[in-house]
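Novice: Input file: entry_11.txt. Contents: compact mmCIF, C-alpha atoms and all ligand atoms.
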```txt
# COMPACT_ATOMS: atom_id res chain seq x y z
CA MET A 1 -9.43 1.67 36.63
CA LEU A 2 -6.82 -0.79 35.46
CA GLN A 3 -4.57 -2.36 38.07
CA ASN A 4 -1.60 -4.64 37.70
CA SER A 5 -2.43 -7.97 39.29
CA SER A 6 0.99 -8.06 40.98
CA ASN A 7 4.05 -5.90 41.26
CA ASN A 8 5.87 -8.44 39.14
CA ALA A 9 3.49 -7.68 36.30
CA ALA A 10 4.98 -4.23 35.74
CA SER A 11 8.56 -5.41 36.01
CA ASP A 12 7.93 -8.32 33.63
CA GLY A 13 6.83 -5.87 30.96
CA TRP A 14 3.13 -6.65 31.19
CA ILE A 15 0.95 -3.80 30.03
CA ALA A 16 -2.64 -2.67 30.36
CA CYS A 17 -4.99 -2.98 27.41
CA LEU A 18 -8.33 -1.20 27.22
CA THR A 19 -10.99 -1.32 24.51
CA TYR A 20 -14.10 0.85 24.49
CA LYS A 21 -16.74 2.11 22.15
CA SER A 22 -18.43 5.50 22.26
CA LEU A 23 -20.67 7.76 20.23
CA ALA A 24 -19.42 10.98 18.62
CA THR A 25 -21.34 14.01 19.91
CA ALA A 26 -21.02 15.57 16.44
CA ALA A 27 -19.87 13.74 13.32
CA PRO A 28 -16.19 14.68 12.84
CA SER A 29 -14.92 15.56 9.37
CA ALA A 30 -11.86 13.80 7.96
CA SER A 31 -9.72 16.78 8.95
CA ASP A 32 -11.18 16.85 12.52
CA LEU A 33 -10.10 13.24 12.87
CA GLN A 34 -6.65 13.96 11.45
CA VAL A 35 -6.16 16.74 14.03
CA LEU A 36 -7.41 14.53 16.87
CA VAL A 37 -5.12 11.66 15.86
CA ARG A 38 -2.07 13.86 15.22
CA ARG A 39 -2.27 15.28 18.77
CA ALA A 40 -3.13 11.89 20.23
CA ARG A 41 -0.13 10.26 18.53
CA ALA A 42 2.25 12.85 19.96
CA ARG A 43 0.94 12.33 23.49
CA ASN A 44 0.77 8.53 23.14
CA ARG A 45 4.40 8.44 21.98
CA GLN A 46 5.46 10.40 25.09
CA LEU A 47 3.50 8.06 27.34
CA GLY A 48 4.59 4.83 25.68
CA VAL A 49 0.99 4.11 24.68
CA THR A 50 0.07 2.36 21.41
CA GLY A 51 -3.30 1.56 19.92
CA MET A 52 -5.95 1.83 17.28
CA LEU A 53 -8.91 4.07 16.66
CA ILE A 54 -11.76 3.16 14.33
CA TYR A 55 -14.40 5.76 13.45
CA GLU A 56 -17.46 4.84 11.45
CA GLY A 57 -21.02 6.03 11.31
CA GLY A 58 -20.93 8.12 14.49
CA THR A 59 -19.21 5.38 16.52
CA PHE A 60 -15.66 5.26 17.88
CA LEU A 61 -14.00 1.95 18.75
CA GLN A 62 -10.58 2.34 20.36
CA THR A 63 -7.98 -0.03 21.78
CA LEU A 64 -5.20 1.46 23.90
CA GLU A 65 -2.23 -0.39 25.40
CA GLY A 66 0.57 0.81 27.63
CA PRO A 67 1.94 1.05 31.18
CA THR A 68 -0.96 0.98 33.66
CA ASP A 69 -0.28 4.34 35.32
CA LYS A 70 0.16 6.13 31.98
CA LEU A 71 -2.93 4.54 30.51
CA ASN A 72 -5.04 5.44 33.54
CA GLY A 73 -3.99 9.09 33.19
CA LEU A 74 -4.78 9.15 29.50
CA TRP A 75 -8.08 7.35 30.08
CA SER A 76 -9.15 10.11 32.53
CA SER A 77 -8.58 12.69 29.75
CA ILE A 78 -10.38 10.65 27.10
CA LYS A 79 -13.42 10.03 29.35
CA LYS A 80 -13.82 13.80 29.88
CA ASP A 81 -13.54 14.61 26.19
CA THR A 82 -16.78 16.23 25.00
CA ARG A 83 -16.30 15.04 21.42
CA HIS A 84 -17.85 11.74 22.44
CA ASP A 85 -20.18 10.27 25.06
CA HIS A 86 -22.03 7.02 25.94
CA ILE A 87 -18.62 5.47 26.51
CA GLU A 88 -18.84 1.72 27.09
CA VAL A 89 -15.75 -0.24 28.13
CA LEU A 90 -15.70 -3.51 26.21
CA SER A 91 -12.66 -5.01 27.90
CA GLU A 92 -9.73 -4.17 30.15
CA HIS A 93 -6.89 -6.60 30.73
CA ILE A 94 -3.28 -6.82 31.74
CA VAL A 95 -1.49 -8.51 28.83
CA PRO A 96 2.07 -9.71 28.15
CA THR A 97 2.47 -8.25 24.64
CA ARG A 98 1.19 -5.36 22.59
CA LEU A 99 -1.06 -5.83 19.58
CA PHE A 100 -0.24 -2.43 18.04
CA SER A 101 3.42 -2.16 19.00
CA ASP A 102 4.31 -0.13 15.91
CA TRP A 103 1.43 2.33 16.13
CA ASP A 104 1.18 5.39 18.37
CA LEU A 105 -2.41 5.34 17.17
CA MET A 106 -3.48 3.53 14.04
CA LEU A 107 -6.51 5.23 12.48
CA HIS A 108 -9.13 3.58 10.36
CA SER A 109 -12.07 5.77 9.52
CA ARG A 110 -14.90 6.40 7.18
CA THR A 111 -16.18 9.90 7.79
CA ASP A 112 -19.13 11.84 6.50
CA ASP A 113 -16.79 13.42 3.94
CA ALA A 114 -16.66 10.08 2.11
CA PRO A 115 -19.30 10.06 -0.62
CA ALA A 116 -20.37 6.49 0.16
CA ALA A 117 -21.50 7.12 3.70
CA LYS A 118 -23.42 10.13 4.99
CA ALA A 119 -23.41 8.65 8.46
CA LYS A 120 -25.40 10.36 11.18
CA ARG A 121 -24.90 9.99 14.89
CA GLN A 122 -27.26 7.36 16.25
CA SER A 123 -28.93 8.06 19.58
CA PRO A 124 -28.66 5.27 22.20
CA ARG A 125 -32.46 5.25 22.52
CA ALA A 126 -32.85 4.76 18.75
CA ILE A 127 -30.25 1.97 18.82
CA LYS A 128 -32.10 0.21 21.69
CA SER A 129 -35.38 0.40 19.84
CA HIS A 130 -33.75 -0.88 16.63
CA ILE A 131 -32.35 -3.88 18.56
CA GLU A 132 -35.82 -4.64 19.99
CA ASN A 133 -37.33 -4.31 16.53
CA LEU A 134 -34.73 -6.56 14.94
CA THR A 135 -35.05 -9.15 17.76
CA GLY A 136 -38.83 -9.29 17.19
CA LEU A 137 -38.43 -9.63 13.42
CA ALA A 138 -35.75 -12.34 13.81
CA LEU A 139 -37.95 -14.33 16.24
CA ASN A 140 -40.80 -14.09 13.73
CA ALA A 141 -38.45 -15.20 10.94
CA ASP A 142 -39.60 -12.19 8.93
CA ASP A 143 -36.69 -12.02 6.49
CA ILE A 144 -38.37 -9.58 4.11
CA ARG A 145 -38.94 -6.96 6.81
CA ILE A 146 -35.45 -7.57 8.24
CA ASN A 147 -33.85 -6.89 4.86
CA THR A 148 -36.03 -3.85 4.23
CA PHE A 149 -35.16 -2.54 7.69
CA ILE A 150 -31.38 -3.02 7.23
CA ALA A 151 -31.52 -1.48 3.74
CA SER A 152 -33.37 1.56 5.16
CA LEU A 153 -30.68 2.02 7.83
CA GLN A 154 -27.98 1.93 5.16
CA ASP A 155 -29.90 4.50 3.17
CA GLU A 156 -29.91 6.67 6.32
CA GLY A 157 -26.11 6.40 6.39
CA TRP A 158 -25.44 3.48 8.76
CA THR A 159 -22.19 1.78 7.76
CA SER A 160 -21.69 -1.98 7.61
CA ASP A 161 -19.42 -1.99 10.70
CA ALA A 162 -21.97 0.06 12.68
CA ILE A 163 -24.76 -2.36 11.71
CA VAL A 164 -22.67 -5.34 12.84
CA LEU A 165 -21.37 -3.75 16.07
CA LEU A 166 -24.45 -1.83 17.22
CA LEU A 167 -27.28 -4.01 15.88
CA ILE A 168 -26.58 -7.53 14.66
CA GLU A 169 -24.26 -8.67 17.47
CA PRO A 170 -26.40 -7.18 20.30
CA THR A 171 -29.51 -8.72 18.67
CA ALA A 172 -27.81 -12.15 18.62
CA ARG A 173 -27.13 -11.76 22.36
CA ALA A 174 -30.76 -10.68 22.94
CA LEU A 175 -31.93 -13.84 21.15
CA GLY A 176 -29.62 -15.94 23.36
CA ASP A 177 -31.01 -14.21 26.46
CA ALA A 178 -34.58 -14.86 25.27
CA TRP A 179 -33.76 -18.57 24.95
CA LEU A 180 -32.02 -18.67 28.36
CA ALA A 181 -35.11 -17.00 29.91
CA ASP A 182 -37.37 -19.59 28.23
CA GLU A 183 -39.06 -16.88 26.16
CA CYS A 184 -38.44 -18.75 22.91
CA SER A 185 -37.64 -22.29 21.82
CA GLU A 186 -34.29 -23.52 20.57
CA PHE A 187 -35.87 -23.74 17.14
CA ASP A 188 -36.86 -20.04 17.32
CA LEU A 189 -33.30 -19.18 18.36
CA THR A 190 -31.77 -21.13 15.46
CA ILE A 191 -34.14 -19.59 12.93
CA GLY A 192 -33.61 -16.11 14.42
CA LEU A 193 -29.84 -16.45 14.08
CA SER A 194 -30.13 -17.61 10.47
CA MET A 195 -32.30 -14.57 9.77
CA LEU A 196 -29.57 -12.34 11.21
CA GLN A 197 -27.00 -14.21 9.14
CA LEU A 198 -28.95 -13.46 5.97
CA ALA A 199 -29.31 -9.84 7.08
CA GLY A 200 -25.57 -9.60 7.77
CA HIS A 201 -24.89 -11.00 4.33
CA ALA A 202 -27.26 -8.51 2.72
CA VAL A 203 -25.41 -5.58 4.31
CA ARG A 204 -23.87 -3.68 1.43
CA HIS A 205 -20.16 -3.35 2.12
CA TYR A 206 -18.95 -0.13 0.59
CA LYS A 207 -15.73 -0.30 -1.37
CA ASP A 208 -13.80 2.49 0.26
CA ALA A 209 -10.72 3.76 -1.52
CA ASN A 210 -9.13 4.50 1.87
CA ALA A 211 -9.71 1.05 3.29
CA ILE A 212 -6.64 -0.96 4.18
CA ARG A 213 -6.35 -3.77 1.63
CA ASN A 214 -4.21 -6.84 2.00
CA THR A 215 -4.48 -8.89 -1.15
CA GLN A 216 -1.59 -11.11 -0.08
CA TYR A 217 -3.13 -12.49 3.13
CA LYS A 218 -5.15 -15.65 3.46
CA ILE A 219 -7.48 -16.61 6.32
CA LEU A 220 -9.42 -19.72 7.28
CA LEU A 221 -12.68 -18.76 9.00
CA ALA A 222 -13.94 -21.66 11.07
CA THR A 223 -16.60 -22.31 13.64
CA ALA A 224 -15.38 -24.07 16.78
CA PRO A 225 -15.75 -27.85 16.30
CA GLY A 226 -19.39 -28.74 16.89
CA GLU A 227 -20.56 -25.09 17.15
CA GLN A 228 -23.97 -24.78 15.53
CA HIS A 229 -24.18 -20.97 15.40
CA ILE A 230 -22.30 -19.60 12.41
CA LEU A 231 -23.43 -15.95 12.39
CA GLY A 232 -20.06 -14.40 13.36
CA THR A 233 -18.06 -16.55 10.96
CA THR A 234 -20.27 -15.69 7.99
CA MET A 235 -20.19 -11.95 8.79
CA LEU A 236 -16.40 -12.15 8.89
CA ALA A 237 -16.35 -13.85 5.47
CA ASP A 238 -17.98 -10.82 3.83
CA GLN A 239 -15.73 -8.38 5.63
CA PHE A 240 -12.43 -10.15 4.91
CA THR A 241 -13.39 -10.71 1.28
CA ASP A 242 -14.17 -7.00 0.91
CA ALA A 243 -10.82 -6.15 2.48
CA GLY A 244 -9.08 -8.18 -0.25
CA TRP A 245 -8.17 -11.31 1.75
CA ARG A 246 -8.33 -14.81 0.31
CA VAL A 247 -10.98 -16.50 2.44
CA ASP A 248 -11.76 -20.16 3.08
CA MET A 249 -14.40 -21.41 5.47
CA ALA A 250 -14.69 -24.49 7.65
CA PHE A 251 -17.51 -25.84 9.79
CA PRO A 252 -15.69 -28.82 11.35
CA ASP A 253 -17.20 -31.42 13.68
CA THR A 254 -13.90 -32.28 15.34
CA LYS A 255 -10.55 -30.68 16.10
CA GLU A 256 -8.91 -33.27 13.80
CA ALA A 257 -11.08 -32.12 10.86
CA LEU A 258 -10.11 -28.50 11.53
CA ALA A 259 -6.41 -29.38 11.78
CA ASN A 260 -6.59 -31.34 8.49
CA GLN A 261 -8.09 -28.39 6.63
CA LEU A 262 -5.55 -26.03 8.18
CA SER A 263 -2.54 -28.12 7.23
CA ALA A 264 -3.87 -28.56 3.69
CA GLN A 265 -4.42 -24.82 3.16
CA HIS A 266 -1.64 -23.09 5.13
CA PRO A 267 -3.45 -19.77 5.72
CA ASP A 268 -1.72 -16.82 7.44
CA ALA A 269 -4.52 -16.63 9.97
CA LEU A 270 -7.25 -18.76 11.49
CA ASP A 271 -10.36 -17.41 13.20
CA ILE A 272 -12.39 -19.78 15.36
CA GLY A 273 -15.92 -18.51 16.06
CA LEU A 274 -18.22 -19.44 18.91
CA SER A 275 -21.90 -18.51 19.14
CA ASP A 276 -22.69 -14.77 19.18
CA ALA A 277 -25.93 -15.61 21.00
CA MET A 278 -24.94 -18.00 23.80
CA PRO A 279 -22.27 -17.46 26.48
CA ARG A 280 -20.72 -20.99 25.94
CA THR A 281 -18.60 -20.70 29.09
CA HIS A 282 -18.34 -24.50 29.38
CA VAL A 283 -16.39 -24.84 26.10
CA VAL A 284 -13.21 -23.04 27.29
CA PRO A 285 -11.20 -26.26 28.01
CA ARG A 286 -12.35 -27.84 24.73
CA LEU A 287 -11.46 -24.74 22.73
CA ARG A 288 -8.04 -24.65 24.37
CA ALA A 289 -7.48 -28.30 23.39
CA THR A 290 -8.57 -27.50 19.81
CA ILE A 291 -6.15 -24.59 19.55
CA ASP A 292 -3.23 -26.60 21.05
CA TYR A 293 -3.97 -29.37 18.56
CA THR A 294 -4.22 -27.09 15.52
CA ARG A 295 -0.99 -25.30 16.45
CA LEU A 296 0.83 -28.64 16.35
CA ALA A 297 -0.66 -29.29 12.91
CA VAL A 298 0.80 -26.05 11.52
CA SER A 299 4.01 -25.86 13.53
CA ASP A 300 6.01 -25.44 10.27
CA HIS A 301 3.87 -22.48 9.12
CA PRO A 302 3.20 -19.64 11.59
CA THR A 303 -0.54 -19.02 11.78
CA VAL A 304 -2.13 -16.20 13.76
CA ILE A 305 -5.09 -17.61 15.67
CA SER A 306 -7.99 -15.43 16.75
CA VAL A 307 -11.20 -16.37 18.54
CA GLY A 308 -14.57 -14.68 18.81
CA GLY A 309 -18.15 -15.01 19.99
CA ARG A 310 -20.25 -13.89 22.94
CA LEU A 311 -17.81 -15.58 25.37
CA PHE A 312 -15.11 -13.11 24.32
CA ALA A 313 -17.37 -10.11 23.58
CA GLU A 314 -18.43 -10.19 27.24
CA ALA A 315 -14.83 -10.83 28.40
CA ALA A 316 -15.88 -14.10 30.10
CA ALA A 317 -12.71 -15.58 28.57
CA THR A 318 -9.57 -14.09 27.07
CA ALA A 319 -7.33 -15.05 24.18
CA GLY A 320 -4.77 -16.25 26.73
CA SER A 321 -7.22 -18.55 28.50
CA VAL A 322 -7.77 -20.56 25.30
CA GLY A 323 -4.23 -20.25 23.89
CA ALA A 324 -5.17 -17.91 21.01
CA ASP A 325 -3.15 -14.89 19.85
CA HIS A 326 -6.13 -12.58 19.82
CA ALA A 327 -9.76 -12.46 20.97
CA ARG A 328 -12.04 -10.26 18.92
CA LEU A 329 -14.73 -8.41 20.84
CA THR A 330 -16.76 -7.79 17.71
CA ALA A 331 -16.65 -8.80 14.06
CA ALA A 332 -16.54 -5.08 13.14
CA GLY A 333 -13.07 -3.99 12.08
CA ALA A 334 -11.67 -7.54 12.58
CA SER A 335 -9.83 -7.59 9.24
CA ILE A 336 -7.79 -4.52 10.24
CA ARG A 337 -6.68 -6.04 13.54
CA MET A 338 -5.86 -9.38 11.90
CA ALA A 339 -3.82 -7.70 9.14
CA GLU A 340 -1.73 -6.03 11.83
CA LEU A 341 -1.20 -9.34 13.67
CA VAL A 342 -0.19 -11.16 10.47
CA ARG A 343 2.19 -8.33 9.56
CA GLN A 344 3.82 -8.56 13.01
CA SER A 345 4.04 -12.34 12.83
CA ARG A 346 5.73 -12.16 9.41
CA ALA A 347 8.14 -9.48 10.65
CA ARG A 348 9.08 -11.64 13.67
CA ARG A 349 9.66 -14.63 11.41
CA ALA A 350 11.84 -12.60 9.01
CA MET A 351 13.93 -11.40 11.99
CA SER A 352 14.38 -14.92 13.34
CA GLU A 353 15.46 -16.22 9.92
CA GLN A 354 18.18 -13.61 9.53
CA PRO A 355 21.64 -15.17 9.76
C1 LIG A 401 -12.47 9.03 20.53
C2 LIG A 401 -11.27 9.76 21.09
C3 LIG A 401 -10.05 9.08 21.20
C4 LIG A 401 -8.94 9.75 21.69
N1 LIG A 401 -7.75 9.08 21.79
C5 LIG A 401 -6.68 9.70 22.30
C6 LIG A 401 -5.43 9.03 22.40
O1 LIG A 401 -5.26 7.87 22.03
N2 LIG A 401 -4.39 9.73 22.93
C7 LIG A 401 -4.49 11.04 23.34
O2 LIG A 401 -3.52 11.61 23.81
N3 LIG A 401 -5.68 11.68 23.21
C8 LIG A 401 -6.76 11.06 22.71
N4 LIG A 401 -7.93 11.74 22.60
C9 LIG A 401 -7.98 13.14 23.03
C10 LIG A 401 -8.10 13.22 24.55
O3 LIG A 401 -9.46 12.98 24.91
C11 LIG A 401 -7.69 14.61 25.09
O4 LIG A 401 -8.33 15.60 24.37
C12 LIG A 401 -6.21 14.85 24.96
O5 LIG A 401 -5.48 13.75 25.44
C13 LIG A 401 -5.80 16.11 25.75
O6 LIG A 401 -6.12 15.87 27.11
P1 LIG A 401 -6.14 17.01 28.21
O7 LIG A 401 -7.13 18.01 27.73
O8 LIG A 401 -6.56 16.30 29.51
O9 LIG A 401 -4.74 17.53 28.26
C14 LIG A 401 -9.06 11.09 22.11
C15 LIG A 401 -10.29 11.76 21.99
C16 LIG A 401 -11.38 11.10 21.50
C17 LIG A 401 -12.68 11.81 21.36
```
Can the structure from this file be put into structure tokens for me?
Specialist:
Amino acid sequence: MLQNSSNNAASDGWIACLTYKSLATAAPSASDLQVLVRRARARNRQLGVTGMLIYEGGTFLQTLEGPTDKLNGLWSSIKKDTRHDHIEVLSEHIVPTRLFSDWDLMLHSRTDDAPAAKAKRQSPRAIKSHIENLTGLALNADDIRINTFIASLQDEGWTSDAIVLLLIEPTARALGDAWLADECSEFDLTIGLSMLQLAGHAVRHYKDANAIRNTQYKILLATAPGEQHILGTTMLADQFTDAGWRVDMAFPDTKEALANQLSAQHPDALDIGLSDAMPRTHVVPRLRATIDYTRLAVSDHPTVISVGGRLFAEAAATAGSVGADHARLTAAGASIRMAELVRQSRARRAMSEQP
């Protein structure tokens, strides 16, 4: 249940923001989804709720934002809805601004009607066993079996976003936990993460005619200065490239090196990735200093800054706590959320430049 941290929060226009994932009880057709979203939009508009719904491969990922009391009421309805189950809340916050202010409910979906993906619902038990399998293969550095395994899942109808969200990111966290529990060496962890990186790269990204494409946007995908684990950043590179973005990458050692690359390239957006395996809670002040520094470097060119990694996936830190505009909970669907943020930032700039 979301609660405003103070009474002032409501009066200052702060709103609640909830993100969850769930599994569809039966794979919806494109028209089922259209009906669901049409009704949802009408109700969301009445309630002053905005948000986004992604459906892929049997999995829903939804972000909802709005006044706390209205969102709590809606959330009670959604939780009872028998069209999905295994609902897992990924984050709930009180935030000062909306991410999807222009959308009663933005839909991005790839349903079983699409020829490219005959996605089946995945059972939670099967997902758990796949994660254990993949963790074992990654720790044994068995790249051939990893690639065969991922290819077989895609043949079964798993989509690239489902593989990233349900398998690769949880496996990275399992590898981090194995290292923290002294069950593997740092070397094993590093090798395991590179195996996942290769697997993520091998995931065939389907070119979907319905996908939102933004050929005009440019993003710099960077690891946080000094961050050794580059899994999330490389998975984003494939996804943003497929979505039509111009993509540059940076693996800087210092905040100065990152700022230099940023001011030379002037991208619309910057993503700074932390490890997907390790919690990295101690880096919050350093990341904040990096973001403050890079903002100064691009003060003449508005740049949307997002952050990601296990620290944010587990809501141990928020975008606000490091001075970013957005914290991604998963690499899946990130290009859609970033496109919306860039669009809003450009619209704000155009408004402010009007005489
Ligand atoms: C994945 C999923 C997301 C949904 N999102 C919304 C939404 O954003 N807004 C909405 O009004 N209903 C949404 N619904 C439908 C609600 O669960 C519910 O059917 C609807 O609000 C009617 O609620 P009621 O039966 O309590 O009146 C969603 C359903 C599912 C399965």
Novice: Nearest to ligand LIG 401 (chain A) among A:Glu56, A:Asp81, A:Asp155, A:Asp69, with distances taken over only C-alpha atoms and all ligand atoms: which residue is it?
Specialist: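 The closest residue to ligand LIG 401 (chain A) is A:Asp81.
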Novice: If the limit is 8 Å from any atom of ligand LIG 401 (chain A), counting all atoms listed in the file, which residues qualify? Return them as a PDB file with C-alpha atoms, keeping the file's coordinate frame.
Specialist:
```
ATOM      1  CA  SER A  22     -18.430   5.500  22.260  1.00  0.00           C
ATOM      2  CA  ALA A  24     -19.420  10.980  18.620  1.00  0.00           C
ATOM      3  CA  LEU A  36      -7.410  14.530  16.870  1.00  0.00           C
ATOM      4  CA  VAL A  37      -5.120  11.660  15.860  1.00  0.00           C
ATOM      5  CA  ARG A  39      -2.270  15.280  18.770  1.00  0.00           C
ATOM      6  CA  ALA A  40      -3.130  11.890  20.230  1.00  0.00           C
ATOM      7  CA  ARG A  41      -0.130  10.260  18.530  1.00  0.00           C
ATOM      8  CA  ALA A  42       2.250  12.850  19.960  1.00  0.00           C
ATOM      9  CA  ARG A  43       0.940  12.330  23.490  1.00  0.00           C
ATOM     10  CA  ASN A  44       0.770   8.530  23.140  1.00  0.00           C
ATOM     11  CA  VAL A  49       0.990   4.110  24.680  1.00  0.00           C
ATOM     12  CA  THR A  50       0.070   2.360  21.410  1.00  0.00           C
ATOM     13  CA  GLY A  51      -3.300   1.560  19.920  1.00  0.00           C
ATOM     14  CA  MET A  52      -5.950   1.830  17.280  1.00  0.00           C
ATOM     15  CA  LEU A  53      -8.910   4.070  16.660  1.00  0.00           C
ATOM     16  CA  PHE A  60     -15.660   5.260  17.880  1.00  0.00           C
ATOM     17  CA  LEU A  61     -14.000   1.950  18.750  1.00  0.00           C
ATOM     18  CA  GLN A  62     -10.580   2.340  20.360  1.00  0.00           C
ATOM     19  CA  LEU A  64      -5.200   1.460  23.900  1.00  0.00           C
ATOM     20  CA  LEU A  74      -4.780   9.150  29.500  1.00  0.00           C
ATOM     21  CA  TRP A  75      -8.080   7.350  30.080  1.00  0.00           C
ATOM     22  CA  SER A  76      -9.150  10.110  32.530  1.00  0.00           C
ATOM     23  CA  SER A  77      -8.580  12.690  29.750  1.00  0.00           C
ATOM     24  CA  ILE A  78     -10.380  10.650  27.100  1.00  0.00           C
ATOM     25  CA  LYS A  79     -13.420  10.030  29.350  1.00  0.00           C
ATOM     26  CA  LYS A  80     -13.820  13.800  29.880  1.00  0.00           C
ATOM     27  CA  ASP A  81     -13.540  14.610  26.190  1.00  0.00           C
ATOM     28  CA  THR A  82     -16.780  16.230  25.000  1.00  0.00           C
ATOM     29  CA  ARG A  83     -16.300  15.040  21.420  1.00  0.00           C
ATOM     30  CA  HIS A  84     -17.850  11.740  22.440  1.00  0.00           C
ATOM     31  CA  ASP A 104       1.180   5.390  18.370  1.00  0.00           C
ATOM     32  CA  LEU A 105      -2.410   5.340  17.170  1.00  0.00           C
TER      33      LEU A 105
END
```
Novice: With distances taken over only C-alpha atoms, which residue among A:Ala319, A:Leu137, A:Leu329, A:Ala297 lies nearest Asp188 of chain A?
Specialist: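 Among A:Ala319, A:Leu137, A:Leu329, A:Ala297, it is A:Leu137 that comes nearest to Asp188 of chain A.
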Novice: Just give me the gap between atom CA of Ile168 of chain A and atom CA of Thr290 of chain A in Å, one decimal is fine.
Specialist: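 The value is 27.4 Å.
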Novice: Point out the residue among A:Ala222, A:Leu139, A:Leu33, A:Leu262 with the least atom-to-atom distance to Val298 of chain A, counting all atoms listed in the file.
Specialist: A:Leu262
Novice: At a cut-off of 10 Å, using all atoms listed in the file, what residues contact Leu18 of chain A? Leave out same-chain residues fewer than 6 positions from it and give the result as a PyMOL selection string.
Specialist: chain A and resi 1-2+51+62-66+71-72+75+89-94
Novice: Nearest to Thr294 of chain A: which of A:Ile336, A:Ile163, A:Ala224, A:Ile230 is it, counting only C-alpha atoms?
Specialist: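 Counting only C-alpha atoms, the residue closest to Thr294 of chain A is A:Ala224.
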Novice: Quote the spacing between atom CA of Pro96 of chain A and atom CA of Phe312 of chain A in Å to one decimal place.
Specialist: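 That distance, rounded to one decimal, is 17.9 Å.
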Novice: Considering only C-alpha atoms, return as a compact mmCIF listing (two decimals) with C-alpha atoms, in the frame of the given file whatever protein or nucleic-acid residues lie within 12 Å of Leu166 of chain A, sequence-local ones (same chain, fewer than 5 positions apart) excluded.
Specialist:
```
# COMPACT_ATOMS: atom_id res chain seq x y z
CA LYS A 21 -16.74 2.11 22.15
CA SER A 22 -18.43 5.50 22.26
CA LEU A 23 -20.67 7.76 20.23
CA GLU A 56 -17.46 4.84 11.45
CA GLY A 57 -21.02 6.03 11.31
CA GLY A 58 -20.93 8.12 14.49
CA THR A 59 -19.21 5.38 16.52
CA PHE A 60 -15.66 5.26 17.88
CA LEU A 61 -14.00 1.95 18.75
CA GLU A 88 -18.84 1.72 27.09
CA GLN A 122 -27.26 7.36 16.25
CA SER A 123 -28.93 8.06 19.58
CA PRO A 124 -28.66 5.27 22.20
CA ARG A 125 -32.46 5.25 22.52
CA ALA A 126 -32.85 4.76 18.75
CA ILE A 127 -30.25 1.97 18.82
CA LYS A 128 -32.10 0.21 21.69
CA SER A 129 -35.38 0.40 19.84
CA HIS A 130 -33.75 -0.88 16.63
CA ILE A 131 -32.35 -3.88 18.56
CA LEU A 134 -34.73 -6.56 14.94
CA LEU A 153 -30.68 2.02 7.83
CA TRP A 158 -25.44 3.48 8.76
CA THR A 159 -22.19 1.78 7.76
CA SER A 160 -21.69 -1.98 7.61
CA ASP A 161 -19.42 -1.99 10.70
CA THR A 171 -29.51 -8.72 18.67
CA ALA A 172 -27.81 -12.15 18.62
CA ARG A 173 -27.13 -11.76 22.36
CA THR A 330 -16.76 -7.79 17.71
CA ALA A 331 -16.65 -8.80 14.06
CA ALA A 332 -16.54 -5.08 13.14
```
Novice: If we count all atoms listed in the file and set the cut-off at 7 Å, which residues sit around Pro225 of chain A, ignoring sequence neighbours fewer than 3 positions away in its own chain? Please answer as a list in words.
Specialist: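 Once the nearby chain positions are removed, what remains is Pro252, Asp253, Thr254 and Lys255 of chain A.
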Novice: Just to confirm, what's the straight-line distance from atom CA of Ala181 of chain A to atom CA of Met195 of chain A in Å (one decimal)?
Specialist: 20.5 Å
Novice: Nearest to Glu340 of chain A: which of A:Val322, A:Gln46, A:Val304, A:His266 is it, counting all atoms listed in the file?
Specialist: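 Answer, going by the shortest atom-to-atom distance: A:Val304.
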Novice: Nearest to Thr25 of chain A among A:Asp85, A:Glu156, A:Glu183, A:Glu314, with distances taken over all atoms listed in the file: which residue is it?
Specialist: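 Of A:Asp85, A:Glu156, A:Glu183, A:Glu314, the one nearest Thr25 of chain A is A:Asp85, counting all atoms listed in the file.
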Novice: Give as a list in words each residue that has an atom at most 12 Å from (-9.2, -25.4, 25.5) in the file, counting all atoms listed in the file.
Specialist: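 Residues with an atom at most 12 Å from (-9.2, -25.4, 25.5): Ala224, Pro225, Lys255, Thr281, His282, Val283, Val284, Pro285, Arg286, Leu287, Arg288, Ala289, Thr290, Ile291, Asp292, Tyr293, Thr294, Val307, Ala317, Thr318, Ala319, Gly320, Ser321, Val322, Gly323 and Ala324 of chain A.
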Novice: With a distance cut-off of 10 Å and all atoms listed in the file, select the neighbouring residues of Asp143 of chain A, excluding the residue or stretch itself and same-chain residues fewer than 2 positions from it, and output the selection as a PyMOL selection string.
Specialist: chain A and resi 137-138+140-141+145-149+192+194-196+198-199
Novice: List the spatial neighbours of Leu231 of chain A as a ChimeraX atom specification - criterion: any atom at most 7 Å away, all atoms listed in the file, same-chain residues fewer than 6 positions off excluded.
Specialist: /A:193,197,276
